[in-house]
Amino acid sequence: MSSSSFDIRRFIFRMRSYTPIPFLIAMVIFARPSAASLAGGFALLLLGEGLRFWGVSIVGAETRTTGTVGGTYLITNGPFAHVRNPLYLGNMVMYAGIGVMSMALFPGLLIAAAAWFYFQYYLIVTREEEYLKETFGVEYEGYCREVRRFIPRLTPYRSSAPPPKMVNAAEGLASERRTLQAIGLVTAALVIIFLVR
């Protein structure tokens with residue numbers, strides 16, 4: 001495929017930070033939270049963000065790019081030793097957590113959001129995989145044989161090469177600032193709705 005031809009995957013990659021907004025707005029507007037839904041959903045939200053933060057603390061700000069698909073290193077340690085796309089998996093768990101917290105149009109809206117984000121991330125991942133295969137070749141192919149896209153393995157994958165980057169919590173915090181702010185705002189809005197109702 002020539003670089004000038006249109007690829008829907010590139011477009012979705014560039015827009016991936018904005019596609020959650022309609023779902024989040026709907027989850028706030030139609031929210032019907034209960035104490036149980038807030039507690040259970042928040043636990044899911046923390047699980048998803050914990051997975052994201054672990055991954056971002058290794059890969060850093062490269063995950064925030066909205067230009068072309070790329071990556072300086074082949075990261076196979078940390079959460080990447082268990083699942084190839086921990087940030088996207090973490091996102092899906094977070095959105096599910098918000099859906100449970102809000103109970104908005106439940107379960108229809110949650111199912112629609114889950115279907116959309118799986119579709120979105122599947123398209124993005126197939127484009128990223130093309131880049132990684134071209135860049136890292138046999139090493140990446142061996143990693144793919146052992147680690148799945150979205151379903152984690154229990155035992156960590158062990159690469160023969162030393163990891164190019166290790167966990168850096170400060171870098172993770174710097175990269176996750178916007179995500180943490182969004183989590184705080186949505187959570188606060190849903191708690192206020194619960195208290196007012």
# chains A, B, ... in the order shown; residues from 1 in each chain; ligands from 1

call {"tool": "residues_around", "arguments": {"residues": "A:Leu24", "least_positions_apart": "4", "cutoff": "9 Å", "atoms": "only C-alpha atoms", "output": "PyMOL selection string"}}
result
chain A and resi 20+28-29+95+98-99+186

call {"tool": "write_last_selection", "arguments": {"atoms": "C-alpha atoms", "output": "short mmCIF file (atom, residue, chain, number, x, y, z; two decimals), in the first residue's frame"}}
result
data_model
loop_
_atom_site.label_atom_id
_atom_site.label_comp_id
_atom_site.auth_asym_id
_atom_site.auth_seq_id
_atom_site.Cartn_x
_atom_site.Cartn_y
_atom_site.Cartn_z
CA PRO A 20 -14.19 7.71 23.72
CA VAL A 28 -22.68 10.80 32.25
CA ILE A 29 -25.92 12.14 30.71
CA TYR A 95 -14.24 2.01 29.77
CA ILE A 98 -16.99 3.59 33.73
CA GLY A 99 -19.94 1.84 32.08
CA VAL A 186 -15.71 11.36 35.17
#

call {"tool": "closest_atom_pairs", "arguments": {"of": "stretch 48-157 of chain A", "to": "stretch 181-185 of chain A", "cutoff": "12 Å", "atoms": "only C-alpha atoms", "output": "JSON lines"}}
result
{"residue": "A:Gly48", "atom": "CA", "partner": "A:Ile183", "partner_atom": "CA", "distance": 11.1}
{"residue": "A:Glu49", "atom": "CA", "partner": "A:Ile183", "partner_atom": "CA", "distance": 9.0}
{"residue": "A:Asn91", "atom": "CA", "partner": "A:Ile183", "partner_atom": "CA", "distance": 11.3}
{"residue": "A:Met94", "atom": "CA", "partner": "A:Ile183", "partner_atom": "CA", "distance": 9.0}
{"residue": "A:Tyr95", "atom": "CA", "partner": "A:Ile183", "partner_atom": "CA", "distance": 10.1}
{"residue": "A:Gly97", "atom": "CA", "partner": "A:Ile183", "partner_atom": "CA", "distance": 10.6}
{"residue": "A:Ile98", "atom": "CA", "partner": "A:Ile183", "partner_atom": "CA", "distance": 8.9}
{"residue": "A:Met101", "atom": "CA", "partner": "A:Ile183", "partner_atom": "CA", "distance": 11.9}

call {"tool": "write_last_selection", "arguments": {"atoms": "N, CA and C atoms", "output": "PDB file, in the first residue's frame"}}
result
ATOM      1  N   GLY A  48      -7.883  -1.313  35.129  1.00  0.00           N
ATOM      2  CA  GLY A  48      -7.487  -0.898  33.792  1.00  0.00           C
ATOM      3  C   GLY A  48      -6.408   0.172  33.802  1.00  0.00           C
ATOM      4  N   GLU A  49      -6.561   1.154  34.676  1.00  0.00           N
ATOM      5  CA  GLU A  49      -5.552   2.221  34.761  1.00  0.00           C
ATOM      6  C   GLU A  49      -4.240   1.686  35.315  1.00  0.00           C
ATOM      7  N   ASN A  91      -7.310   0.227  28.506  1.00  0.00           N
ATOM      8  CA  ASN A  91      -8.363   1.169  28.103  1.00  0.00           C
ATOM      9  C   ASN A  91      -9.727   0.495  28.101  1.00  0.00           C
ATOM     10  N   MET A  94     -10.940  -0.037  31.528  1.00  0.00           N
ATOM     11  CA  MET A  94     -11.340   1.255  32.117  1.00  0.00           C
ATOM     12  C   MET A  94     -12.713   1.687  31.621  1.00  0.00           C
ATOM     13  N   TYR A  95     -12.946   1.598  30.311  1.00  0.00           N
ATOM     14  CA  TYR A  95     -14.244   2.009  29.767  1.00  0.00           C
ATOM     15  C   TYR A  95     -15.360   1.118  30.307  1.00  0.00           C
ATOM     16  N   GLY A  97     -15.297  -0.244  33.218  1.00  0.00           N
ATOM     17  CA  GLY A  97     -15.484   0.223  34.589  1.00  0.00           C
ATOM     18  C   GLY A  97     -16.371   1.455  34.667  1.00  0.00           C
ATOM     19  N   ILE A  98     -16.158   2.383  33.754  1.00  0.00           N
ATOM     20  CA  ILE A  98     -16.990   3.591  33.729  1.00  0.00           C
ATOM     21  C   ILE A  98     -18.431   3.227  33.383  1.00  0.00           C
ATOM     22  N   MET A 101     -19.929   1.789  36.477  1.00  0.00           N
ATOM     23  CA  MET A 101     -20.156   2.861  37.455  1.00  0.00           C
ATOM     24  C   MET A 101     -21.415   3.653  37.124  1.00  0.00           C
TER      25      MET A 101
END

call {"tool": "closest_residue", "arguments": {"among": "A:Tyr18, A:Ile193, A:Leu74, A:Ala104", "to": "A:Gly137", "atoms": "only C-alpha atoms"}}
result
A:Leu74

call {"tool": "select_by_dssp", "arguments": {"residues": "stretch 18-171 of chain A", "states": "helix (DSSP H, G or I)", "output": "number ranges by chain"}}
result
A: 20-29, 35-64, 78-81, 86-102, 108-146, 169-171

call {"tool": "closest_residue", "arguments": {"among": "A:Thr155, A:Gln120, A:Ser34, A:Thr19", "to": "A:Leu89", "atoms": "only C-alpha atoms"}}
result
A:Gln120

call {"tool": "residues_around", "arguments": {"residues": "A:Val196", "least_positions_apart": "2", "cutoff": "12 Å", "atoms": "only C-alpha atoms", "output": "PyMOL selection string"}}
result
chain A and resi 31-34+189-194

call {"tool": "closest_residue", "arguments": {"among": "A:Met92, A:Ser102, A:Ile75, A:Tyr143", "to": "A:Ile25", "atoms": "only C-alpha atoms"}}
result
A:Ser102

call {"tool": "atom_distance", "arguments": {"atom1": "atom CA of A:Gly142", "atom2": "atom CA of A:Ala161"}}
result
12.2 Å

call {"tool": "closest_residue", "arguments": {"among": "A:Ser17, A:Thr126, A:Ser159, A:Ser37", "to": "A:Asn77", "atoms": "only C-alpha atoms"}}
result
A:Ser159

call {"tool": "atom_distance", "arguments": {"atom1": "atom CA of A:Phe150", "atom2": "atom CA of A:Gly50"}}
result
15.8 Å

call {"tool": "closest_residue", "arguments": {"among": "A:Arg158, A:Lys133, A:Arg197, A:Arg16", "to": "A:Tyr88", "atoms": "only C-alpha atoms"}}
result
A:Arg16

call {"tool": "atom_distance", "arguments": {"atom1": "atom CA of A:Tyr118", "atom2": "atom CA of A:Tyr140"}}
result
22.5 Å

call {"tool": "residues_around", "arguments": {"residues": "stretch 108-111 of chain A", "least_positions_apart": "3", "cutoff": "8 Å", "atoms": "only C-alpha atoms", "output": "list in words"}}
result
Phe23, Met27, Ala96, Gly99, Val100, Ala104, Leu105, Ala114 and Ala115 of chain A

call {"tool": "residues_around", "arguments": {"residues": "A:Ser57", "least_positions_apart": "2", "cutoff": "8 Å", "atoms": "only C-alpha atoms", "output": "PyMOL selection string"}}
result
chain A and resi 53-55+59-60+166-173

call {"tool": "closest_residue", "arguments": {"among": "A:Arg52, A:His82, A:Arg10, A:Arg178", "to": "A:Leu154", "atoms": "only C-alpha atoms"}}
result
A:His82

call {"tool": "residues_around", "arguments": {"residues": "stretch 145-147 of chain A", "least_positions_apart": "3", "cutoff": "8 Å", "atoms": "only C-alpha atoms", "output": "PyMOL selection string"}}
result
chain A and resi 81-84+141-142+152-153+157
